[in-house]
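Have a look at the structure below before the remarks.
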Amino acid sequence: VSFKESFPLPPPQPAFTPGITKPINEAYTKAIVIAHTEFENVNWIHDDILNSPPPSYPHKKDGQRTNTTKWVPYLYSTDKIFRPITSSEGPLHFHTPLNKGREALAYLSYIITHYDSLPDISVFMHAHSSSWHDDQFGLDSPTTLSRLNLDLVVLKGYVNLRCWWDPGCPDHIHPYTSNPDELKPEEQFFREAWLDLYPWRDVPPAISQTCCGQFALSRERIRSVKLAEYVRLRDWILVTDLEDSVSGRVFEYIWQVMWTGYEILCPVEWVCYCEGYGICFGDEEDRE
């Protein structure tokens with residue numbers, strides 16, 4: 001029995017309406033979900049997140065949001081097993097079922113485990129503090145967290161943390177291509193993966209969003225998808241024969257489909273920077 005034959009009925013499409021933001025004098029509860037290996041340095045979480053005062057909210061022009069709640073880190077080790085820690089004084093440590101699917105398995109495991117006790121906002125990030133994955137304008141991981149417009153996350157439900165289109169937009173993955181691209185090793189396996197994951201949907205000619213598997217979700221957006229669907233998707237990672245790196249990169253371009261239904265999701269860059277981080281330009285020409 002193939003994977004898709006085990007799940008013959010399509011789940012309902014996500015039912016999501018724009019969220020309602022909190023009054024300016026109320027704070028959001030929020031979590032950071034990070035997948036890491038034994039050799040990746042995650043000390044920046046202690047130094048820059050847990051031991052730093054909460055930043056002021058940069059997006060309200062009529063005052064400052066009382067942003068007193070700190071981020072709660074959920075660290076998912078993909079190789080070394082840590083003793084689970086449940087103290088509110090530090091990061092919460094967990095372990096993925098297998099070392100497969102890169103960060104995707106950790107992200108889905110967090111959602112499945114905490115589906116009934118989610119904070120207002122969950123941000124899903126890589127283990128590094130700074131790398132080429134991060135966006136322009138000094139938006140490393142700590143700065144991204146400090147500048148992120150939480151109201152926007154609540155309103156939209158799903159926000160890719162990267163605004164810069166390169167790579168990923170506007171026309172990235174082509175499931176029907178017969179020309180392998182060493183920069184997109186997942187592309188040649190994407191049609192098969194799509195048929196496993198979404199057998200009730202036609203394979204699209206193109207799938208795109210900005211890379212690289214880092215995004216923010218509201219509790220309501222997560223719960224717009226049934227828990228059983230997350231279990232189904234995680235099971236695919238656990239049983240697929242695709243290499244770890246390939247299955248993980250498939251999900252980099254599936255997340256927007258999962259929560260918005262859109263196969264191509266490429267917000268205008270200068271609008272994304274302004275709405276998401278308060279880095280504003282007059283127009284696209286000014287940004288350039």
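Chain identifiers are assigned as A, B, and so on, following the order in which chains appear in the structure tokens; residues are numbered from 1 within each chain, and ligands are numbered from 1 in order of appearance.
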
**Study point:** DSSP-assigned strand (DSSP E) members of range 18-206 of chain A, reported as a VMD selection string
**Key:** chain A and resid 30 to 36 72 to 77 92 to 95 121 to 125 158 to 160

Check your understanding: Skipping near chain neighbours, those fewer than 5 positions away, what residues fall within 9 Å of range 240-253 of chain A using only C-alpha atoms, listed as a ChimeraX atom specification?
Key -> /A:3,99-105,168,173,184-187,189-190,193-194,207-214,235,263-264

Written file, previous selection with C-alpha atoms, as a PDB file, in the first residue's frame:
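Resulting contents of part_20.pdb:
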ATOM      1  CA  PHE A   3       1.507   6.365   1.177  1.00  0.00           C
ATOM      2  CA  ASN A  99      16.797  12.541  11.942  1.00  0.00           C
ATOM      3  CA  LYS A 100      14.907  13.094   8.685  1.00  0.00           C
ATOM      4  CA  GLY A 101      13.400  15.983   6.806  1.00  0.00           C
ATOM      5  CA  ARG A 102      15.682  18.624   8.295  1.00  0.00           C
ATOM      6  CA  GLU A 103      13.677  21.265  10.191  1.00  0.00           C
ATOM      7  CA  ALA A 104      10.335  20.114   8.747  1.00  0.00           C
ATOM      8  CA  LEU A 105      10.106  17.122  11.079  1.00  0.00           C
ATOM      9  CA  GLY A 168      12.396  31.240  -4.262  1.00  0.00           C
ATOM     10  CA  ILE A 173      10.120  24.999  -8.546  1.00  0.00           C
ATOM     11  CA  LYS A 184      17.386  22.873  -6.737  1.00  0.00           C
ATOM     12  CA  PRO A 185      17.946  19.147  -6.119  1.00  0.00           C
ATOM     13  CA  GLU A 186      14.410  18.779  -4.798  1.00  0.00           C
ATOM     14  CA  GLU A 187      12.880  19.914  -8.089  1.00  0.00           C
ATOM     15  CA  PHE A 189      11.486  14.783  -7.079  1.00  0.00           C
ATOM     16  CA  PHE A 190       8.780  17.380  -6.525  1.00  0.00           C
ATOM     17  CA  ALA A 193       6.264  14.165  -3.654  1.00  0.00           C
ATOM     18  CA  TRP A 194       3.282  16.357  -4.567  1.00  0.00           C
ATOM     19  CA  ILE A 207       5.538  26.429  -6.932  1.00  0.00           C
ATOM     20  CA  SER A 208       7.187  29.401  -5.297  1.00  0.00           C
ATOM     21  CA  GLN A 209       7.727  31.315  -2.101  1.00  0.00           C
ATOM     22  CA  THR A 210      10.791  33.003  -0.668  1.00  0.00           C
ATOM     23  CA  CYS A 211      13.218  30.547   0.871  1.00  0.00           C
ATOM     24  CA  CYS A 212      14.292  29.179   3.414  1.00  0.00           C
ATOM     25  CA  GLY A 213      11.831  27.469   5.735  1.00  0.00           C
ATOM     26  CA  GLN A 214      11.505  30.226   8.366  1.00  0.00           C
ATOM     27  CA  ASP A 235       4.282  10.368   8.566  1.00  0.00           C
ATOM     28  CA  GLU A 263       1.061  27.458  -4.712  1.00  0.00           C
ATOM     29  CA  ILE A 264       2.823  30.767  -5.405  1.00  0.00           C
TER      30      ILE A 264
END

Quick one: which range 96-166 of chain A residues come within 12 Å of range 31-37 of chain A, and what is the nearest atom pair for each with the distance in Å to one decimal, counting only C-alpha atoms, rows ordered by chain and ascending number, as a tab-separated table?
residue	atom	partner	partner_atom	distance
A:Thr96	CA	A:Ala35	CA	8.8
A:Asn99	CA	A:Thr37	CA	9.3
A:Lys100	CA	A:Ala35	CA	11.3
A:Gly101	CA	A:Ala35	CA	10.7
A:Arg102	CA	A:Ala35	CA	7.7
A:Glu103	CA	A:Ala35	CA	5.3
A:Ala104	CA	A:Ala35	CA	8.5
A:Leu105	CA	A:Ala35	CA	8.6
A:Ala106	CA	A:Ala35	CA	5.8
A:Tyr107	CA	A:Val33	CA	6.9
A:Leu108	CA	A:Val33	CA	10.2
A:Ser109	CA	A:Val33	CA	10.1
A:Tyr110	CA	A:Val33	CA	7.4
A:Ile111	CA	A:Val33	CA	9.7
A:His114	CA	A:Ala31	CA	11.0
A:Ser117	CA	A:Ala31	CA	11.4
A:Leu118	CA	A:Ala31	CA	8.5
A:Pro119	CA	A:Ala31	CA	6.7
A:Asp120	CA	A:Ala31	CA	8.4
A:Ile121	CA	A:Ala31	CA	6.4
A:Ser122	CA	A:Ala31	CA	4.7
A:Val123	CA	A:Ile32	CA	4.8
A:Phe124	CA	A:Val33	CA	4.7
A:Met125	CA	A:Ile34	CA	5.2
A:His126	CA	A:Ile34	CA	5.6
A:Ala127	CA	A:His36	CA	5.4
A:His128	CA	A:His36	CA	8.7
A:Ser129	CA	A:Ile34	CA	11.1
A:Ser141	CA	A:Ile32	CA	10.7
A:Pro142	CA	A:Ile32	CA	11.0
A:Thr144	CA	A:Ile32	CA	11.7
A:Leu145	CA	A:Ile32	CA	9.0
A:Leu150	CA	A:Ala31	CA	11.9

Review point. Distance CA of Cys280 in chain A-CA of Trp255 in chain A, one decimal place?
Key: 26.6 Å

Point to revise | Selection: 12 Å around range 222-225 of chain A, only C-alpha atoms, excl. self and same-chain fewer than 2 positions, as a ChimeraX atom specification | key: /A:10-19,107-108,110-112,114-123,153-154,156-158,216-220,227-233,255-261

**Study point:** Pick from A:Arg147, A:Trp200, A:His46, A:Pro167, whichever lies nearest to Leu75 in chain A using only C-alpha atoms
**Key:**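 Under the stated criterion, the closest residue is A:His46.
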
Review point. By how many Å are CA of Tyr277 in chain A and CA of Ala27 in chain A apart?
Key: 17.6 Å

Exercise for review: Could you pull out the residues in range 175-274 of chain A that DSSP calls helix (DSSP H, G or I) from the backbone, as a PyMOL selection string?
Suggested key: chain A and resi 187-197+219-223+227-239+244-252+255-260+269-274

With C-alpha atoms retained, write the just-selected residues as a CSV table (one decimal), in the first residue's frame.
chain,number,residue,atom,x,y,z
A,187,GLU,CA,12.9,19.9,-8.1
A,188,GLN,CA,13.3,16.6,-9.9
A,189,PHE,CA,11.5,14.8,-7.1
A,190,PHE,CA,8.8,17.4,-6.5
A,191,ARG,CA,6.1,16.0,-8.8
A,192,GLU,CA,6.3,12.6,-7.1
A,193,ALA,CA,6.3,14.2,-3.7
A,194,TRP,CA,3.3,16.4,-4.6
A,195,LEU,CA,1.3,13.3,-5.7
A,196,ASP,CA,2.0,11.7,-2.4
A,197,LEU,CA,1.2,14.7,-0.3
A,219,ARG,CA,-2.5,29.9,16.7
A,220,GLU,CA,-5.6,30.3,14.6
A,221,ARG,CA,-3.8,29.6,11.4
A,222,ILE,CA,-2.2,26.5,12.8
A,223,ARG,CA,-5.6,25.2,14.0
A,227,LEU,CA,-4.3,17.7,13.8
A,228,ALA,CA,-4.7,14.5,11.8
A,229,GLU,CA,-3.4,16.3,8.7
A,230,TYR,CA,-0.2,17.3,10.5
A,231,VAL,CA,0.2,13.7,11.6
A,232,ARG,CA,-0.3,12.6,8.0
A,233,LEU,CA,2.3,15.0,6.7
A,234,ARG,CA,4.8,14.0,9.4
A,235,ASP,CA,4.3,10.4,8.6
A,236,TRP,CA,5.3,11.1,5.0
A,237,ILE,CA,8.6,12.4,6.1
A,238,LEU,CA,9.1,9.4,8.3
A,239,VAL,CA,8.5,6.8,5.5
A,244,ASP,CA,16.9,13.9,4.3
A,245,SER,CA,18.0,17.1,2.6
A,246,VAL,CA,15.6,16.6,-0.3
A,247,SER,CA,12.5,15.8,1.8
A,248,GLY,CA,13.2,18.9,3.9
A,249,ARG,CA,13.6,21.1,0.9
A,250,VAL,CA,10.3,19.8,-0.5
A,251,PHE,CA,8.6,21.2,2.6
A,252,GLU,CA,10.3,24.6,2.1
A,255,TRP,CA,4.4,25.4,3.8
A,256,GLN,CA,2.5,28.1,2.0
A,257,VAL,CA,0.3,25.6,0.3
A,258,MET,CA,-0.5,23.9,3.6
A,259,TRP,CA,-1.7,27.1,5.4
A,260,THR,CA,-2.8,29.5,2.6
A,269,GLU,CA,9.4,43.0,-1.4
A,270,TRP,CA,9.2,46.7,-0.3
A,271,VAL,CA,5.7,46.2,1.1
A,272,CYS,CA,6.9,43.1,3.0
A,273,TYR,CA,9.7,45.0,4.6
A,274,CYS,CA,7.5,47.8,5.7
